[in-house]
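Okay, structure_11.txt now, which holds compact mmCIF, C-alpha atoms and all ligand atoms:
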```txt
# COMPACT_ATOMS: atom_id res chain seq x y z
CA MET L 1495 95.02 117.63 82.45
CA SER L 1496 91.84 116.29 80.84
CA THR L 1497 91.97 113.84 77.93
CA LEU L 1498 90.53 116.50 75.65
CA GLU L 1499 93.23 118.94 76.72
CA GLU L 1500 95.91 116.32 76.13
CA LEU L 1501 94.51 115.63 72.67
CA PHE L 1502 94.48 119.33 71.90
CA ARG L 1503 98.07 119.74 73.02
CA PHE L 1504 99.09 116.72 70.97
CA ALA L 1505 97.42 118.22 67.90
CA ALA L 1506 99.07 121.54 68.64
CA HIS L 1507 102.44 119.80 68.83
CA LEU L 1508 101.95 118.33 65.34
CA PHE L 1509 101.34 121.77 63.88
CA TRP L 1510 103.66 123.75 66.15
CA PRO L 1511 106.32 121.35 67.37
CA ARG L 1512 107.25 123.33 70.43
CA ALA L 1513 107.38 122.48 74.08
CA CYS L 1514 107.86 124.57 77.19
CA PRO L 1515 111.48 123.99 78.28
CA PHE L 1516 110.39 124.02 81.93
CA CYS L 1517 107.29 121.82 82.17
CA GLY L 1518 107.28 120.21 78.70
CA ALA L 1519 103.81 121.49 77.80
CA LEU L 1520 103.38 120.94 74.07
CA GLY L 1521 102.43 123.79 71.77
CA GLU L 1522 103.96 126.38 74.12
CA SER L 1523 107.31 128.04 73.52
CA ALA L 1524 107.34 128.65 77.25
CA CYS L 1525 104.48 129.06 79.72
CA VAL L 1526 104.17 132.48 81.29
CA LEU L 1527 103.73 130.80 84.68
CA CYS L 1528 106.91 128.75 84.19
CA LEU L 1529 108.87 131.92 83.32
CA LEU L 1530 107.81 133.87 86.42
CA PRO L 1531 110.16 132.13 88.92
CA CYS L 1532 113.13 132.96 86.61
CA LEU L 1533 112.45 136.64 87.20
CA GLU L 1534 112.88 136.60 90.99
CA PRO L 1535 113.99 139.08 92.06
CA PRO L 1536 113.37 141.53 89.21
CA MET L 1537 115.59 144.62 89.05
CA PRO L 1538 114.45 148.26 89.09
CA MET L 1539 117.34 150.70 88.56
CA ASP L 1540 118.16 154.14 87.29
CA LEU L 1541 119.76 154.81 83.91
CA GLY L 1542 120.20 158.51 84.63
CA SER L 1543 117.50 160.00 82.47
CA LEU L 1544 114.90 157.29 83.04
CA PRO L 1545 114.27 154.28 85.29
CA LEU L 1546 114.92 150.77 83.97
CA TRP L 1547 112.92 147.70 84.94
CA SER L 1548 114.67 144.47 84.05
CA GLY L 1549 113.86 140.79 84.53
CA GLY L 1550 117.32 140.14 86.01
CA GLU L 1551 121.02 139.89 85.29
CA HIS L 1552 122.14 138.64 81.89
CA ASP L 1553 123.17 135.20 83.10
CA GLY L 1554 121.99 131.58 83.38
CA VAL L 1555 118.46 130.74 82.26
CA LEU L 1556 117.57 134.36 81.47
CA ARG L 1557 120.53 134.62 79.11
CA GLU L 1558 119.69 131.26 77.47
CA LEU L 1559 116.12 132.42 76.88
CA VAL L 1560 117.15 135.68 75.27
CA LEU L 1561 119.62 133.84 73.00
CA ALA L 1562 116.84 131.42 72.03
CA LEU L 1563 114.62 134.42 71.31
CA LYS L 1564 117.25 136.20 69.22
CA TYR L 1565 118.47 133.27 67.19
CA GLY L 1566 115.63 130.74 67.40
CA GLY L 1567 113.20 132.81 65.35
CA ASP L 1568 110.33 132.01 67.70
CA ARG L 1569 108.23 135.14 68.13
CA SER L 1570 105.77 133.48 70.52
CA LEU L 1571 108.61 132.87 72.99
CA GLY L 1572 109.21 136.63 73.04
CA VAL L 1573 105.54 137.33 73.66
CA ALA L 1574 105.52 134.86 76.59
CA MET L 1575 108.68 136.48 78.02
CA GLY L 1576 107.10 139.91 77.66
CA ARG L 1577 103.95 138.73 79.40
CA ALA L 1578 106.06 137.44 82.30
CA LEU L 1579 107.69 140.89 82.57
CA GLY L 1580 104.24 142.46 82.47
CA ARG L 1581 103.13 140.30 85.39
CA ILE L 1582 106.07 140.87 87.74
CA PHE L 1583 106.05 144.65 87.29
CA PRO L 1584 103.05 146.90 87.98
CA ARG L 1585 101.36 148.65 85.06
CA PRO L 1586 103.32 151.85 84.39
CA ASP L 1587 101.59 155.18 83.77
CA ALA L 1588 102.19 155.16 80.01
CA ASP L 1589 100.36 155.37 76.66
CA LEU L 1590 102.55 153.23 74.40
CA LEU L 1591 105.30 150.61 74.45
CA VAL L 1592 107.96 151.19 71.80
CA PRO L 1593 110.71 148.64 71.05
CA VAL L 1594 114.28 149.48 70.11
CA PRO L 1595 114.22 148.91 66.34
CA LEU L 1596 115.81 145.97 64.58
CA HIS L 1597 118.88 146.90 62.51
CA ARG L 1598 117.90 147.23 58.90
CA GLY L 1599 120.74 144.92 57.95
CA SER L 1600 119.69 142.25 60.44
CA GLU L 1601 118.89 138.80 59.11
CA ARG L 1602 116.30 138.25 61.81
CA ALA L 1603 112.79 137.94 60.46
CA TYR L 1604 111.21 139.84 63.34
CA ASN L 1605 112.10 142.36 65.99
CA GLN L 1606 112.51 140.37 69.21
CA SER L 1607 112.08 143.54 71.28
CA LEU L 1608 108.70 144.14 69.63
CA ALA L 1609 107.67 140.61 70.64
CA LEU L 1610 108.64 141.40 74.26
CA ALA L 1611 106.79 144.72 74.07
CA ALA L 1612 103.69 143.00 72.66
CA GLY L 1613 103.67 140.54 75.58
CA ALA L 1614 104.03 143.20 78.29
CA ALA L 1615 101.49 145.34 76.43
CA ARG L 1616 98.94 142.55 76.58
CA GLU L 1617 99.32 142.21 80.36
CA TRP L 1618 99.19 145.96 80.99
CA GLY L 1619 96.48 146.86 78.50
CA ILE L 1620 98.74 149.39 76.77
CA PRO L 1621 99.37 149.27 72.99
CA ALA L 1622 102.79 148.37 71.58
CA LYS L 1623 104.06 149.70 68.27
CA GLU L 1624 107.29 150.42 66.42
CA GLY L 1625 108.08 154.10 66.96
CA LEU L 1626 111.78 154.52 66.19
CA VAL L 1627 114.03 153.73 63.23
CA TRP L 1628 117.80 153.72 62.95
CA SER L 1629 119.09 156.88 61.34
CA GLU L 1630 120.25 155.81 57.90
CA ARG L 1631 123.66 157.42 57.91
CA ARG L 1632 124.41 156.05 61.38
CA GLU L 1633 123.53 152.49 60.61
CA GLU L 1634 127.06 151.24 60.05
CA GLN L 1635 128.17 152.49 63.42
CA THR L 1636 125.73 150.34 65.32
CA SER L 1637 127.70 147.14 64.93
CA LEU L 1638 130.28 148.41 67.40
CA GLY L 1639 131.53 146.72 70.59
CA GLN L 1640 130.50 147.61 74.13
CA GLU L 1641 133.05 150.34 74.79
CA GLU L 1642 132.44 152.03 71.48
CA ARG L 1643 128.73 151.73 71.92
CA LYS L 1644 128.92 154.04 74.95
CA MET L 1645 130.02 156.71 72.48
CA MET L 1646 126.97 156.02 70.32
CA PRO L 1647 126.04 159.25 68.52
CA ARG L 1648 123.05 161.14 69.87
CA ASP L 1649 121.12 160.93 66.62
CA VAL L 1650 121.51 157.19 66.20
CA PHE L 1651 117.71 156.84 66.02
CA SER L 1652 115.00 158.85 64.32
CA PRO L 1653 111.46 159.05 65.68
CA VAL L 1654 108.46 158.00 63.67
CA THR L 1655 107.01 161.27 64.84
CA LYS L 1656 103.29 160.59 64.75
CA SER L 1657 103.76 157.44 66.83
CA VAL L 1658 105.55 159.03 69.78
CA ALA L 1659 104.40 162.67 69.77
CA GLY L 1660 102.43 163.65 72.88
CA LYS L 1661 102.67 160.15 74.36
CA ARG L 1662 104.22 158.73 77.52
CA ILE L 1663 106.48 155.99 76.22
CA VAL L 1664 107.94 152.79 77.67
CA LEU L 1665 111.06 151.82 75.70
CA VAL L 1666 111.68 148.09 75.35
CA ASP L 1667 114.94 146.30 74.64
CA ASP L 1668 115.81 142.62 74.99
CA VAL L 1669 119.14 143.21 76.76
CA ALA L 1670 120.20 146.48 78.38
CA THR L 1671 123.97 146.37 78.03
CA THR L 1672 125.52 149.71 78.91
CA GLY L 1673 122.09 151.35 78.97
CA THR L 1674 123.25 153.67 76.19
CA THR L 1675 120.86 152.30 73.57
CA LEU L 1676 117.86 152.95 75.82
CA GLU L 1677 119.16 156.41 76.73
CA ARG L 1678 119.58 157.28 73.06
CA ALA L 1679 116.10 155.94 72.34
CA ALA L 1680 114.76 158.12 75.19
CA GLU L 1681 116.45 161.21 73.73
CA THR L 1682 114.92 160.39 70.37
CA VAL L 1683 111.44 160.09 71.87
CA ARG L 1684 111.91 163.55 73.45
CA ARG L 1685 113.00 164.92 70.07
CA GLY L 1686 109.85 163.46 68.56
CA GLY L 1687 107.67 165.23 71.14
CA GLY L 1688 107.03 162.23 73.40
CA VAL L 1689 107.86 161.64 77.06
CA PRO L 1690 109.98 158.59 77.85
CA VAL L 1691 108.84 157.33 81.26
CA LEU L 1692 110.53 153.94 81.57
CA GLY L 1693 112.96 151.46 80.05
CA LEU L 1694 112.00 147.77 80.13
CA SER L 1695 114.38 144.93 79.33
CA TRP L 1696 114.43 141.18 79.72
CA THR L 1697 117.97 141.22 81.12
CA CYS L 1698 120.58 143.79 82.03
CA ALA L 1699 124.30 143.80 82.66
CA PRO L 1700 125.39 143.20 86.25
CA ARG L 1701 125.86 146.45 88.18
CA THR L 1702 129.26 147.61 89.35
CA LYS L 1703 130.36 150.81 91.13
CA GLU L 1704 131.16 152.28 87.75
CA GLY L 1705 127.70 151.48 86.42
CA MET L 1706 126.76 148.64 84.14
CA ARG L 1707 129.35 146.19 82.97
CA GLY L 1708 129.01 145.18 79.34
CA VAL L 1709 127.50 141.80 78.55
CA ARG L 1710 128.44 139.27 75.98
ZN ZN L 1801 105.73 125.42 81.21
```
File written out as structure tokens:
Amino acid sequence: MSTLEELFRFAAHLFWPRACPFCGALGESACVLCLLPCLEPPMPMDLGSLPLWSGGEHDGVLRELVLALKYGGDRSLGVAMGRALGRIFPRPDADLLVPVPLHRGSERAYNQSLALAAGAAREWGIPAKEGLVWSERREEQTSLGQEERKMMPRDVFSPVTKSVAGKRIVLVDDVATTGTTLERAAETVRRGGGVPVLGLSWTCAPRTKEGMRGVR
């Protein structure tokens, strides 16, 4: 690293006191290059109605990173994680990346799945945009546990119709638990006149014979 680069990073650290947890680089929430080895091997699987590409099982470092993303309030970490996903997987044949929406009652300041989508979008050269909202009358039912979530009603989301109509959509979630949320999102995209082509998540529940086990 040149002296100038070191000075720049030092200045960056004063303004944005972050450091990559892997290499310690200042001013970075995490380097994309440092994240890549965490995603070996990535996991392509089948949710039934659409394929799912996931960075790996919801465990160890991947789980720590997603918890940091959810509760640390650091959007740039999500973008870096999304860029890492966008590098390990080939560019899908799609027009738009759409995140699973943040609950309206959530205290989080930003949608972490949108941050992931924005990162992957940058690598793939595909736009990312919010395209779904929680159906108002269903909102209370979304704070359910894993088992109940499998029974999630079919109209749990509503499409923002203009955003998804006529487009091939990649649906993005931070953690694919039972896969039900992504399946419901896919159904909603179809209702809105779009074509869901892929689910993308940072982590997913480990696979069992019965399908996906829930994650904590
Ligand atoms: Zn690093």
Taking all atoms listed in the file and a cut-off of 7 Å, can you tell me which residues surround ligand ZN 1801 (chain L), written as number ranges by chain? L: 1514-1519, 1524-1525, 1527-1528
Output as a tab-separated table one row per residue of region 1506-1620 of chain L within 8 Å of region 1669-1675 of chain L: the closest atom pair and its distance in Å to one decimal place, counting only C-alpha atoms, sorted by chain and residue number ascending.
```
residue	atom	partner	partner_atom	distance
L:Leu1541	CA	L:Gly1673	CA	6.5
L:His1552	CA	L:Val1669	CA	7.5
L:Val1560	CA	L:Val1669	CA	7.9
L:Val1594	CA	L:Thr1675	CA	8.0
```
Top pick for closest residue to Lys1661 (chain L), considering L:Glu1522, L:Asp1540, L:Glu1534, L:Asp1589 and counting all atoms listed in the file: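 Residue with the minimum atom-to-atom distance to Lys1661 (chain L): L:Asp1589.
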Report, in Å with one decimal, the straight-line distance from CA of Gly1580 (chain L) to CA of Val1691 (chain L).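 So the answer is 15.6 Å.
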Choose the residue, out of L:Ile1620, L:Ala1679, L:Asp1553, L:Glu1630, that has the smallest atom-to-atom separation from Met1646 (chain L); count all atoms listed in the file.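 Result for the nearest residue to Met1646 (chain L): L:Ala1679.
Nearest to Glu1681 (chain L) of all the residues L:Gly1613, L:Gly1542, L:Gly1554, L:Pro1536 is L:Gly1542, based on all atoms listed in the file.
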What does the distance between CA of Ala1609 (chain L) and CA of Val1689 (chain L) come to in Å, to one decimal place?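 Pair CA of Ala1609 (chain L) / CA of Val1689 (chain L) returns 22.0 Å.
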Within 10 Å of region 1614-1619 of chain L, counting all atoms listed in the file, which residues qualify if same-chain residues fewer than 4 places away don't, as a PyMOL selection string? chain L and resi 1572-1592+1608-1610+1623+1664+1666+1694
Only C-alpha atoms, please: the residues just picked out, written as a compact mmCIF listing (two decimals), in the frame of the given file.
```txt
# COMPACT_ATOMS: atom_id res chain seq x y z
CA GLY L 1572 109.21 136.63 73.04
CA VAL L 1573 105.54 137.33 73.66
CA ALA L 1574 105.52 134.86 76.59
CA MET L 1575 108.68 136.48 78.02
CA GLY L 1576 107.10 139.91 77.66
CA ARG L 1577 103.95 138.73 79.40
CA ALA L 1578 106.06 137.44 82.30
CA LEU L 1579 107.69 140.89 82.57
CA GLY L 1580 104.24 142.46 82.47
CA ARG L 1581 103.13 140.30 85.39
CA ILE L 1582 106.07 140.87 87.74
CA PHE L 1583 106.05 144.65 87.29
CA PRO L 1584 103.05 146.90 87.98
CA ARG L 1585 101.36 148.65 85.06
CA PRO L 1586 103.32 151.85 84.39
CA ASP L 1587 101.59 155.18 83.77
CA ALA L 1588 102.19 155.16 80.01
CA ASP L 1589 100.36 155.37 76.66
CA LEU L 1590 102.55 153.23 74.40
CA LEU L 1591 105.30 150.61 74.45
CA VAL L 1592 107.96 151.19 71.80
CA LEU L 1608 108.70 144.14 69.63
CA ALA L 1609 107.67 140.61 70.64
CA LEU L 1610 108.64 141.40 74.26
CA LYS L 1623 104.06 149.70 68.27
CA VAL L 1664 107.94 152.79 77.67
CA VAL L 1666 111.68 148.09 75.35
CA LEU L 1694 112.00 147.77 80.13
```
